[in-house]
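One file, query20.csv, is given below (CSV, C-alpha atoms and all ligand atoms).
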```csv
chain,number,residue,atom,x,y,z
Y,75,MET,CA,-5.8,-3.4,-14.7
Y,76,SER,CA,-6.5,-5.0,-18.1
Y,77,ARG,CA,-5.3,-8.5,-18.9
Y,78,GLY,CA,-2.9,-7.0,-21.4
Y,79,SER,CA,-1.3,-4.7,-18.9
Y,80,SER,CA,-1.3,-7.6,-16.3
Y,81,MET,CA,0.8,-9.5,-18.8
Y,82,ASN,CA,3.2,-6.5,-19.3
Y,83,VAL,CA,3.6,-6.3,-15.5
Y,84,ALA,CA,4.2,-10.0,-15.3
Y,85,ALA,CA,6.9,-9.7,-18.0
Y,86,ARG,CA,8.6,-6.8,-16.1
Y,87,VAL,CA,8.4,-8.7,-12.9
Y,88,GLY,CA,10.0,-11.8,-14.5
Y,89,ARG,CA,12.9,-9.8,-16.0
Y,90,ARG,CA,13.7,-8.0,-12.8
Y,91,GLN,CA,13.5,-11.2,-10.7
Y,92,LEU,CA,15.7,-13.1,-13.1
Y,93,LEU,CA,18.3,-10.3,-13.2
Y,94,ALA,CA,18.2,-10.0,-9.4
Y,95,ARG,CA,18.8,-13.7,-8.9
Y,96,TRP,CA,21.6,-13.6,-11.4
Y,97,CYS,CA,23.3,-10.6,-9.7
Y,98,HIS,CA,22.8,-12.3,-6.3
Y,99,ARG,CA,24.3,-15.6,-7.5
Y,100,LEU,CA,27.4,-13.8,-9.0
Y,101,GLY,CA,27.8,-11.7,-5.8
Y,102,ALA,CA,27.4,-8.5,-8.0
Y,103,LEU,CA,25.1,-6.5,-5.7
Y,104,PRO,CA,27.8,-5.0,-3.5
Y,105,LEU,CA,29.6,-3.9,-6.7
Y,106,LEU,CA,26.4,-2.4,-8.1
Y,107,LYS,CA,25.8,-0.6,-4.9
Y,108,ARG,CA,29.4,0.9,-5.0
Y,109,VAL,CA,29.2,2.0,-8.6
Y,110,ARG,CA,25.9,3.7,-8.1
Y,111,PRO,CA,26.0,7.5,-8.3
Y,112,SER,CA,26.3,9.3,-5.0
Y,113,ALA,CA,23.4,8.6,-2.7
Y,114,HIS,CA,23.5,11.7,-0.5
Y,115,GLY,CA,20.1,12.8,0.8
Y,116,GLU,CA,18.3,9.8,-0.5
Y,117,LEU,CA,15.4,8.3,1.4
Y,118,ARG,CA,14.1,4.8,0.7
Y,119,VAL,CA,10.5,4.5,1.8
Y,120,LEU,CA,9.2,0.9,1.6
Y,121,ALA,CA,5.5,0.5,1.0
Y,122,TYR,CA,3.6,-2.5,2.3
Y,123,HIS,CA,-0.1,-3.4,2.5
Y,124,ARG,CA,-0.7,-6.7,4.1
Y,125,VAL,CA,1.6,-9.3,5.7
Y,126,LEU,CA,0.0,-12.7,6.2
Y,127,GLU,CA,1.4,-16.0,7.6
Y,128,SER,CA,1.5,-17.2,4.0
Y,129,SER,CA,1.6,-15.2,0.8
Y,130,GLU,CA,-0.5,-17.9,-0.9
Y,131,PRO,CA,-3.3,-18.5,1.6
Y,132,ASP,CA,-5.7,-21.3,0.8
Y,133,GLY,CA,-9.1,-20.3,-0.6
Y,134,PHE,CA,-8.3,-16.6,0.0
Y,135,SER,CA,-11.3,-14.7,-1.5
Y,136,PHE,CA,-9.7,-11.2,-1.3
Y,137,ASP,CA,-7.2,-9.5,-3.6
Y,138,PRO,CA,-3.9,-11.5,-3.3
Y,139,GLU,CA,-2.0,-8.7,-4.9
Y,140,LEU,CA,-2.5,-6.7,-1.7
Y,141,ILE,CA,-0.4,-9.3,0.2
Y,142,SER,CA,3.1,-7.7,0.3
Y,143,ALA,CA,4.9,-10.6,2.0
Y,144,SER,CA,4.6,-13.6,4.1
Y,145,ALA,CA,5.5,-13.3,7.8
Y,146,GLU,CA,8.8,-15.0,7.3
Y,147,ASP,CA,9.7,-13.0,4.2
Y,148,PHE,CA,8.8,-9.8,6.1
Y,149,ARG,CA,11.1,-10.8,9.0
Y,150,GLN,CA,14.0,-11.5,6.6
Y,151,GLN,CA,13.4,-8.2,4.8
Y,152,MET,CA,13.5,-6.3,8.1
Y,153,LEU,CA,16.7,-8.1,9.2
Y,154,HIS,CA,18.3,-7.0,5.9
Y,155,LEU,CA,17.3,-3.4,6.5
Y,156,LYS,CA,18.7,-3.5,10.0
Y,157,ALA,CA,22.0,-5.0,8.9
Y,158,ASN,CA,22.6,-2.9,5.8
Y,159,PHE,CA,20.7,0.3,6.0
Y,160,VAL,CA,19.6,2.9,8.5
Y,161,PRO,CA,16.0,2.3,9.4
Y,162,MET,CA,14.5,5.5,10.8
Y,163,ARG,CA,11.2,6.9,12.1
Y,164,PHE,CA,9.4,9.7,10.3
Y,165,GLU,CA,9.7,11.7,13.6
Y,166,GLU,CA,13.5,11.5,13.2
Y,167,VAL,CA,13.4,12.5,9.5
Y,168,LEU,CA,11.2,15.5,10.3
Y,169,ASP,CA,13.6,16.5,13.1
Y,170,LEU,CA,16.5,16.5,10.7
Y,171,LEU,CA,14.5,18.4,8.1
Y,172,GLU,CA,13.5,21.0,10.6
Y,173,HIS,CA,17.1,21.6,11.6
Y,174,ASP,CA,18.3,21.5,8.0
Y,175,MET,CA,20.5,18.6,8.7
Y,176,PRO,CA,21.4,15.8,6.2
Y,177,LEU,CA,19.9,12.4,6.2
Y,178,PRO,CA,22.3,9.6,7.0
Y,179,GLU,CA,23.4,7.5,4.0
Y,180,GLY,CA,21.1,4.6,3.7
Y,181,ALA,CA,18.1,6.3,5.5
Y,182,THR,CA,15.1,4.0,5.2
Y,183,LEU,CA,11.5,4.2,6.3
Y,184,VAL,CA,9.0,1.3,6.4
Y,185,THR,CA,5.3,2.2,5.7
Y,186,PHE,CA,2.0,0.3,5.5
Y,187,ASP,CA,-1.1,1.6,3.8
Y,188,ASP,CA,-4.8,1.0,4.5
Y,189,GLY,CA,-4.8,-0.4,8.0
Y,190,TYR,CA,-5.6,-4.1,7.7
Y,191,ASP,CA,-5.6,-5.9,11.0
Y,192,ASP,CA,-2.8,-8.3,9.9
Y,193,ASN,CA,-0.6,-5.2,10.3
Y,194,TYR,CA,-1.3,-5.5,14.1
Y,195,ARG,CA,-1.4,-9.3,14.3
Y,196,ILE,CA,1.6,-10.2,12.2
Y,197,ALA,CA,3.8,-7.2,11.2
Y,198,PHE,CA,3.8,-5.4,14.5
Y,199,PRO,CA,5.1,-8.3,16.7
Y,200,ILE,CA,7.9,-8.9,14.2
Y,201,LEU,CA,8.9,-5.2,14.2
Y,202,ARG,CA,8.7,-5.1,18.0
Y,203,ASP,CA,10.9,-8.2,18.3
Y,204,LEU,CA,13.5,-6.7,16.1
Y,205,GLY,CA,13.4,-3.3,17.8
Y,206,MET,CA,12.2,-1.6,14.6
Y,207,SER,CA,9.4,0.9,13.8
Y,208,ALA,CA,7.1,1.5,10.9
Y,209,MET,CA,4.5,4.0,9.9
Y,210,PHE,CA,0.9,2.8,9.5
Y,211,PHE,CA,-1.2,5.0,7.3
Y,212,VAL,CA,-4.9,4.3,8.1
Y,213,SER,CA,-8.2,5.5,6.7
Y,214,THR,CA,-9.9,6.6,9.8
Y,215,GLY,CA,-13.5,6.0,8.7
Y,216,HIS,CA,-12.8,2.3,8.6
Y,217,ILE,CA,-11.1,1.9,12.0
Y,218,ASP,CA,-13.3,0.0,14.4
Y,219,SER,CA,-15.9,-0.6,11.7
Y,220,GLY,CA,-15.1,-4.2,10.8
Y,221,ARG,CA,-16.0,-3.2,7.3
Y,222,PRO,CA,-13.7,-4.0,4.4
Y,223,TYR,CA,-12.9,-1.5,1.8
Y,224,ALA,CA,-15.2,-1.3,-1.2
Y,225,TYR,CA,-12.5,-2.6,-3.6
Y,226,ASP,CA,-11.8,-5.5,-1.3
Y,227,TRP,CA,-15.4,-6.4,-1.1
Y,228,LEU,CA,-15.8,-6.2,-4.9
Y,229,VAL,CA,-13.1,-8.8,-5.3
Y,230,HIS,CA,-14.6,-10.9,-2.5
Y,231,MET,CA,-18.0,-10.9,-4.1
Y,232,LEU,CA,-16.6,-12.0,-7.4
Y,233,CYS,CA,-14.5,-14.7,-5.8
Y,234,SER,CA,-17.5,-16.0,-3.7
Y,235,ALA,CA,-20.5,-15.7,-5.9
Y,236,PRO,CA,-22.2,-18.9,-7.0
Y,237,VAL,CA,-20.9,-20.4,-10.3
Y,238,CYS,CA,-22.5,-19.0,-13.4
Y,239,THR,CA,-23.6,-15.8,-11.7
Y,240,ARG,CA,-24.1,-13.1,-14.3
Y,241,LEU,CA,-22.1,-9.8,-13.8
Y,242,HIS,CA,-23.8,-7.1,-15.8
Y,243,VAL,CA,-22.3,-3.6,-15.5
Y,244,PRO,CA,-23.3,-1.8,-18.7
Y,245,GLU,CA,-21.6,1.4,-17.8
Y,246,LEU,CA,-18.2,-0.5,-17.9
Y,247,GLY,CA,-19.0,-2.6,-20.9
Y,248,VAL,CA,-19.1,-5.7,-18.7
Y,249,ASP,CA,-21.6,-8.6,-19.3
Y,250,TRP,CA,-19.8,-11.7,-17.9
Y,251,THR,CA,-20.6,-15.0,-16.4
Y,252,VAL,CA,-18.5,-15.5,-13.2
Y,253,GLU,CA,-15.9,-18.1,-13.9
Y,254,ARG,CA,-15.8,-21.5,-12.1
Y,255,ASP,CA,-12.2,-21.6,-10.7
Y,256,LEU,CA,-10.7,-19.1,-8.3
Y,257,PRO,CA,-7.6,-18.2,-10.4
Y,258,ASP,CA,-10.0,-17.3,-13.3
Y,259,ARG,CA,-12.2,-15.3,-11.0
Y,260,ARG,CA,-9.2,-13.4,-9.8
Y,261,ARG,CA,-8.4,-12.5,-13.3
Y,262,GLN,CA,-11.9,-11.3,-13.8
Y,263,ALA,CA,-11.7,-9.3,-10.6
Y,264,ALA,CA,-8.4,-7.6,-11.7
Y,265,ASP,CA,-10.1,-6.7,-15.0
Y,266,LEU,CA,-13.1,-5.3,-13.2
Y,267,LEU,CA,-11.0,-3.3,-10.8
Y,268,TYR,CA,-9.2,-1.7,-13.7
Y,269,ARG,CA,-12.5,-0.7,-15.3
Y,270,VAL,CA,-14.0,0.5,-12.1
Y,271,LYS,CA,-11.3,3.2,-11.9
Y,272,LEU,CA,-13.0,4.8,-14.9
Y,273,LEU,CA,-16.0,5.6,-12.8
Y,274,ASP,CA,-16.1,8.6,-10.5
Y,275,ASP,CA,-16.2,8.2,-6.7
Y,276,ASP,CA,-20.0,8.1,-6.5
Y,277,GLY,CA,-20.2,5.7,-9.5
Y,278,GLN,CA,-17.8,3.3,-7.8
Y,279,ALA,CA,-19.8,3.4,-4.6
Y,280,ALA,CA,-23.1,2.9,-6.4
Y,281,LEU,CA,-21.7,-0.1,-8.3
Y,282,VAL,CA,-20.5,-1.9,-5.2
Y,283,ALA,CA,-23.8,-1.2,-3.3
Y,284,ARG,CA,-25.8,-2.5,-6.3
Y,285,LEU,CA,-23.8,-5.8,-6.3
Y,286,GLU,CA,-24.0,-6.1,-2.5
Y,287,GLN,CA,-27.8,-6.0,-2.8
Y,288,ALA,CA,-28.2,-8.1,-6.0
Y,289,TRP,CA,-25.9,-10.8,-4.7
Y,290,CYS,CA,-27.0,-10.7,-1.1
Y,291,MET,CA,-23.5,-10.0,0.2
Y,292,PRO,CA,-23.6,-6.9,2.4
Y,293,ARG,CA,-20.3,-5.4,3.2
Y,294,THR,CA,-21.4,-4.7,6.7
Y,295,ALA,CA,-21.2,-8.5,7.3
Y,296,GLY,CA,-17.4,-8.2,7.2
Y,297,HIS,CA,-15.0,-11.1,6.9
Y,298,PRO,CA,-12.2,-12.5,9.2
Y,299,ASP,CA,-9.7,-12.4,6.3
Y,300,CYS,CA,-10.2,-8.7,5.7
Y,301,ARG,CA,-10.7,-6.5,8.7
Y,302,PRO,CA,-9.5,-3.0,9.5
Y,303,MET,CA,-7.6,-2.4,12.7
Y,304,SER,CA,-9.3,-1.0,15.8
Y,305,TRP,CA,-8.3,2.2,17.7
Y,306,ASP,CA,-7.2,0.1,20.7
Y,307,GLN,CA,-4.8,-1.9,18.4
Y,308,LEU,CA,-3.4,1.4,17.0
Y,309,ARG,CA,-2.9,2.8,20.5
Y,310,GLU,CA,-1.1,-0.4,21.5
Y,311,MET,CA,1.1,-0.2,18.4
Y,312,GLN,CA,1.9,3.5,19.2
Y,313,ARG,CA,2.9,2.6,22.7
Y,314,GLY,CA,5.1,-0.1,21.2
Y,315,GLY,CA,7.0,2.4,19.1
Y,316,MET,CA,5.0,2.4,15.9
Y,317,GLU,CA,3.9,5.6,14.1
Y,318,ILE,CA,0.4,6.2,12.8
Y,319,GLY,CA,-0.4,8.5,9.8
Y,320,SER,CA,-3.3,9.5,7.7
Y,321,HIS,CA,-4.7,7.7,4.6
Y,322,GLY,CA,-7.8,9.9,4.4
Y,323,VAL,CA,-11.1,9.1,6.0
Y,324,ASP,CA,-12.7,6.8,3.5
Y,325,HIS,CA,-9.8,6.0,1.1
Y,326,ARG,CA,-11.1,8.4,-1.6
Y,327,MET,CA,-8.9,9.7,-4.5
Y,328,LEU,CA,-8.3,13.2,-3.2
Y,329,ALA,CA,-7.6,14.8,-6.6
Y,330,LYS,CA,-10.9,13.6,-7.9
Y,331,LEU,CA,-13.0,15.2,-5.2
Y,332,PRO,CA,-14.6,18.6,-5.1
Y,333,ARG,CA,-12.5,21.0,-2.9
Y,334,GLU,CA,-14.8,20.8,0.1
Y,335,SER,CA,-14.9,17.0,0.2
Y,336,MET,CA,-11.1,16.8,-0.3
Y,337,THR,CA,-10.5,19.1,2.6
Y,338,ALA,CA,-13.0,17.1,4.7
Y,339,GLU,CA,-11.0,13.9,4.0
Y,340,VAL,CA,-7.7,15.6,4.9
Y,341,LEU,CA,-8.8,17.4,8.0
Y,342,GLY,CA,-11.2,14.8,9.1
Y,343,SER,CA,-8.6,12.0,9.2
Y,344,LYS,CA,-6.1,14.3,11.0
Y,345,ASP,CA,-8.6,15.3,13.6
Y,346,ALA,CA,-9.7,11.7,14.2
Y,347,LEU,CA,-6.2,10.4,14.6
Y,348,GLU,CA,-5.1,13.2,16.9
Y,349,ARG,CA,-8.2,12.9,19.0
Y,350,GLU,CA,-7.9,9.1,19.3
Y,351,LEU,CA,-4.1,8.8,19.6
Y,352,GLY,CA,-3.3,12.1,21.5
Y,353,VAL,CA,-0.3,13.0,19.4
Y,354,PRO,CA,0.2,15.4,16.4
Y,355,VAL,CA,-0.2,13.6,13.1
Y,356,GLN,CA,2.2,15.0,10.5
Y,357,VAL,CA,2.4,12.6,7.7
Y,358,ILE,CA,-0.2,11.4,5.1
Y,359,SER,CA,-0.1,8.9,2.3
Y,360,TYR,CA,-2.4,9.8,-0.6
Y,361,PRO,CA,-5.0,7.0,-1.1
Y,362,VAL,CA,-4.3,5.2,-4.4
Y,363,GLY,CA,-1.2,7.4,-4.6
Y,364,GLY,CA,-0.5,7.4,-8.4
Y,365,LEU,CA,-0.1,10.5,-10.5
Y,366,ASP,CA,-3.8,11.1,-10.8
Y,367,ALA,CA,-4.4,10.7,-7.0
Y,368,PHE,CA,-3.0,14.1,-6.0
Y,369,ASP,CA,-2.4,17.5,-7.6
Y,370,HIS,CA,-1.4,21.0,-6.7
Y,371,ASP,CA,-4.7,21.6,-4.8
Y,372,THR,CA,-4.3,18.4,-2.9
Y,373,VAL,CA,-0.8,19.4,-1.8
Y,374,GLU,CA,-2.0,22.8,-0.8
Y,375,ALA,CA,-4.8,21.3,1.3
Y,376,VAL,CA,-2.4,18.8,2.9
Y,377,ARG,CA,0.1,21.5,3.7
Y,378,GLY,CA,-2.6,23.8,5.0
Y,379,ALA,CA,-4.0,21.1,7.3
Y,380,GLY,CA,-0.6,21.0,9.0
Y,381,PHE,CA,1.0,17.9,7.4
Y,382,ARG,CA,4.7,18.1,7.0
Y,383,LEU,CA,5.4,15.1,4.7
Y,384,ALA,CA,3.3,13.2,2.2
Y,385,CYS,CA,3.9,9.9,0.5
Y,386,SER,CA,2.7,9.0,-3.0
Y,387,TYR,CA,2.7,5.5,-4.5
Y,388,MET,CA,5.0,6.3,-7.3
Y,389,ALA,CA,8.0,4.1,-7.5
Y,390,GLY,CA,11.4,5.4,-6.7
Y,391,VAL,CA,13.8,6.9,-4.1
Y,392,GLY,CA,13.0,10.2,-2.5
Y,393,ARG,CA,15.0,13.3,-1.7
Y,394,LEU,CA,13.6,15.7,0.8
Y,395,GLY,CA,13.1,19.2,-0.8
Y,396,PRO,CA,10.5,21.9,-0.4
Y,397,ARG,CA,8.5,20.4,-3.3
Y,398,THR,CA,9.3,16.7,-3.1
Y,399,ARG,CA,8.4,16.4,0.6
Y,400,PHE,CA,4.8,16.4,-0.4
Y,401,SER,CA,5.1,13.7,-3.1
Y,402,LEU,CA,7.7,11.2,-1.7
Y,403,PRO,CA,8.0,8.2,-3.9
Y,404,ARG,CA,8.1,4.8,-2.4
Y,405,LEU,CA,9.4,1.3,-3.1
Y,406,PRO,CA,6.4,-1.1,-3.2
Y,407,VAL,CA,7.0,-4.6,-1.8
Y,408,GLU,CA,5.0,-7.3,-3.4
Y,409,ARG,CA,4.4,-11.0,-2.5
Y,410,HIS,CA,6.3,-12.4,-5.5
Y,411,MET,CA,9.5,-10.5,-4.5
Y,412,ASP,CA,12.0,-13.0,-3.2
Y,413,MET,CA,15.1,-12.0,-1.1
Y,414,PRO,CA,17.5,-11.6,-4.0
Y,415,TRP,CA,15.0,-9.2,-5.6
Y,416,PHE,CA,14.4,-7.3,-2.4
Y,417,LYS,CA,18.1,-6.9,-1.8
Y,418,ALA,CA,18.6,-5.8,-5.4
Y,419,MET,CA,15.8,-3.3,-5.1
Y,420,MET,CA,17.4,-1.8,-2.0
Y,421,ALA,CA,20.8,-1.7,-3.6
Y,422,MET,CA,19.7,-0.3,-7.0
Y,423,PRO,CA,16.2,1.0,-6.8
Y,424,GLU,CA,16.2,2.5,-10.3
Y,425,LEU,CA,16.8,-0.9,-11.8
Y,426,PHE,CA,14.7,-3.1,-9.6
Y,427,THR,CA,11.5,-1.3,-8.7
Y,428,TYR,CA,8.6,-0.5,-10.9
Y,429,ASP,CA,5.2,1.2,-10.7
Y,430,SER,CA,2.9,-1.4,-9.5
Y,431,ARG,CA,-0.9,-1.3,-9.5
Y,432,GLN,CA,-1.5,2.3,-8.5
Y,433,ARG,CA,-5.1,1.7,-7.4
Y,434,THR,CA,-4.1,-0.3,-4.4
Y,435,SER,CA,-2.1,2.0,-2.2
Y,501,ZN,ZN,-4.7,2.7,0.2
```
Can the structure from this file be put into structure tokens for me?
Amino acid sequence: MSRGSSMNVAARVGRRQLLARWCHRLGALPLLKRVRPSAHGELRVLAYHRVLESSEPDGFSFDPELISASAEDFRQQMLHLKANFVPMRFEEVLDLLEHDMPLPEGATLVTFDDGYDDNYRIAFPILRDLGMSAMFFVSTGHIDSGRPYAYDWLVHMLCSAPVCTRLHVPELGVDWTVERDLPDRRRQAADLLYRVKLLDDDGQAALVARLEQAWCMPRTAGHPDCRPMSWDQLREMQRGGMEIGSHGVDHRMLAKLPRESMTAEVLGSKDALERELGVPVQVISYPVGGLDAFDHDTVEAVRGAGFRLACSYMAGVGRLGPRTRFSLPRLPVERHMDMPWFKAMMAMPELFTYDSRQRTS
């Protein structure tokens, strides 16, 4: 994301937050909810990535934008869903779909992308305490590896490199000196991530590998602040009522892959999950998830592999139809979202959600 577009997002965030607080203070949300056009058949699918004890951890050297909520905010958000909506499991939604029965009004699903171990350590106990469920979409190639994603490691390297390190990436027009302070480095990292999206999959992998070697920061070293979950943790979560879905094998943008590699990502993740968890896996979330992350061929491959629903990372409220069930929009939750905004987004999604950074899902 460029600095310019970061500022645009910041402006949109600011306006929505202010409007949400204002509506909350005036007690206008119930009214907005009532005047909203009929909500029959709607499905709110919340999208989280990471939940940490604090949404502003000290000295955090990974991408803070992937922190969706603090532990306490997440608990409050789940309590709000429980009291005002109908939290469901994907299994229940699929069952209704199969029997051609309508969704209850206020149907809501909670999802997590990527498979960070804080999902197990922090989100899972909260959900279990509240008697709620969520779907965890994981990239199977990372489970048990201890290895962070390449994007995460890129940010970590930039945030941890010695002061005055030179970052020279001619293919992206980058020739920078790494900034001194963490906030400035984060801005550089956001800029770099935006540019990296211009490279194809192999180009991205080559860049990260080159920097790992040049800066002596091998990704295999891992980091306690950024670990994927293990199969044992996933099995425990499944026994505790959670659902596990596919997010590909290695978090690659499916629509950008040759047919054979795309099919390998889709089938490989499904096979690994079913082998390790012992249950049919019927739902996938497209890695990255924006408009350019999946296309007609991707949908056909996903359908052909036996998936019955697929989530995108496009912002909005879904309706289950023959076409839409393979491109369900979601409502991203992000760390700067306070409770008035969260409540407003649930009440009036059209007004209070927005397409966030598509690369991150
Ligand atoms: Zn993802």
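The coordinates place atom CA of Y:Val353 at 12.2 Å from atom CA of Y:Leu308.
Atom to atom, atom CA of Y:Gly392 and atom CA of Y:Arg404 stand 7.3 Å apart.
Closest approach to ligand ZN 501 (chain Y) among Y:Tyr360, Y:Trp250, Y:Trp289, Y:Phe136 is made by Y:Tyr360 (distances from all atoms listed in the file).
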Chain Y residues near ligand ZN 501 (chain Y) within 9 Å, closest pair each, using only C-alpha atoms and all ligand atoms, as a Markdown table:
```
| residue | atom | partner | partner_atom | distance |
| --- | --- | --- | --- | --- |
| Y:His123 | CA | Y:ZN501 | ZN | 8.0 |
| Y:Phe186 | CA | Y:ZN501 | ZN | 8.9 |
| Y:Asp187 | CA | Y:ZN501 | ZN | 5.2 |
| Y:Asp188 | CA | Y:ZN501 | ZN | 4.6 |
| Y:Gly189 | CA | Y:ZN501 | ZN | 8.4 |
| Y:Phe211 | CA | Y:ZN501 | ZN | 8.2 |
| Y:Val212 | CA | Y:ZN501 | ZN | 8.1 |
| Y:Ser213 | CA | Y:ZN501 | ZN | 7.9 |
| Y:His321 | CA | Y:ZN501 | ZN | 6.7 |
| Y:Gly322 | CA | Y:ZN501 | ZN | 8.9 |
| Y:His325 | CA | Y:ZN501 | ZN | 6.1 |
| Y:Arg326 | CA | Y:ZN501 | ZN | 8.8 |
| Y:Ser359 | CA | Y:ZN501 | ZN | 8.0 |
| Y:Tyr360 | CA | Y:ZN501 | ZN | 7.5 |
| Y:Pro361 | CA | Y:ZN501 | ZN | 4.5 |
| Y:Val362 | CA | Y:ZN501 | ZN | 5.3 |
| Y:Gly363 | CA | Y:ZN501 | ZN | 7.6 |
| Y:Arg433 | CA | Y:ZN501 | ZN | 7.7 |
| Y:Thr434 | CA | Y:ZN501 | ZN | 5.5 |
| Y:Ser435 | CA | Y:ZN501 | ZN | 3.6 |
```
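Remark: for Y:Asp192, the closest of the candidate residues Y:Arg284, Y:Arg409, Y:Arg313, Y:Arg124 is Y:Arg124 (distances computed over only C-alpha atoms).
A straight line drawn from atom CA of Y:Tyr190 to atom CA of Y:Arg301 is 5.7 Å long.
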Fill in the blank from the handout: Of Y:Thr251, Y:Gln356, Y:Thr427, Y:Gln312, the one sitting nearest Y:Val167 when using all atoms listed in the file is Y:Gln356
Exercise for the section: Compile the contact shell of Y:Gly315 as an MDAnalysis selection string: residues with an atom at most 12 Å away, counting only C-alpha atoms, same-chain residues fewer than 5 positions apart removed. Expected result: chainID Y and resid 162:165 198:199 201:210 308:310
Exercise for the section: Using only C-alpha atoms, determine which residues lie at most 10 Å from Y:Gln151, disregarding the query and same-chain residues fewer than 2 positions distant; provide the list as a PyMOL selection string. Expected result: chain Y and resi 143+145-149+153-156+407+412-413+416-417
Complete stretch 332-337 of chain Y with all heavy atoms (output as a compact mmCIF listing (two decimals), in the frame of the given file).
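The file below, selection_11.txt, is the result:
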```
# COMPACT_ATOMS: atom_id res chain seq x y z
N PRO Y 332 -14.37 17.14 -5.15
CA PRO Y 332 -14.60 18.60 -5.10
C PRO Y 332 -13.78 19.12 -3.86
O PRO Y 332 -13.57 18.38 -2.88
CB PRO Y 332 -16.06 18.76 -4.82
CG PRO Y 332 -16.68 17.44 -5.11
CD PRO Y 332 -15.62 16.39 -5.00
N ARG Y 333 -13.36 20.37 -3.96
CA ARG Y 333 -12.50 21.00 -2.90
C ARG Y 333 -12.98 20.71 -1.50
O ARG Y 333 -12.21 20.33 -0.62
CB ARG Y 333 -12.42 22.49 -3.20
CG ARG Y 333 -11.53 23.25 -2.27
CD ARG Y 333 -10.11 23.16 -2.74
NE ARG Y 333 -9.19 23.70 -1.75
CZ ARG Y 333 -7.98 24.12 -2.03
NH1 ARG Y 333 -7.54 24.06 -3.26
NH2 ARG Y 333 -7.20 24.58 -1.11
N GLU Y 334 -14.27 20.90 -1.31
CA GLU Y 334 -14.80 20.80 0.10
C GLU Y 334 -14.68 19.36 0.59
O GLU Y 334 -14.27 19.13 1.74
CB GLU Y 334 -16.29 21.19 0.02
CG GLU Y 334 -16.84 21.60 1.36
CD GLU Y 334 -18.27 22.12 1.21
OE1 GLU Y 334 -18.47 23.03 0.37
OE2 GLU Y 334 -19.15 21.60 1.89
N SER Y 335 -14.99 18.38 -0.25
CA SER Y 335 -14.90 17.00 0.20
C SER Y 335 -13.44 16.59 0.40
O SER Y 335 -13.12 15.83 1.32
CB SER Y 335 -15.49 16.04 -0.88
OG SER Y 335 -16.75 16.47 -1.26
N MET Y 336 -12.55 17.11 -0.47
CA MET Y 336 -11.10 16.80 -0.30
C MET Y 336 -10.63 17.31 1.04
O MET Y 336 -9.95 16.59 1.79
CB MET Y 336 -10.32 17.40 -1.44
CG MET Y 336 -8.84 17.13 -1.30
SD MET Y 336 -7.90 17.85 -2.64
CE MET Y 336 -8.07 19.57 -2.33
N THR Y 337 -10.98 18.55 1.34
CA THR Y 337 -10.50 19.10 2.60
C THR Y 337 -11.11 18.35 3.78
O THR Y 337 -10.43 18.12 4.79
CB THR Y 337 -10.98 20.61 2.69
OG1 THR Y 337 -10.56 21.26 1.50
CG2 THR Y 337 -10.38 21.31 3.88
```
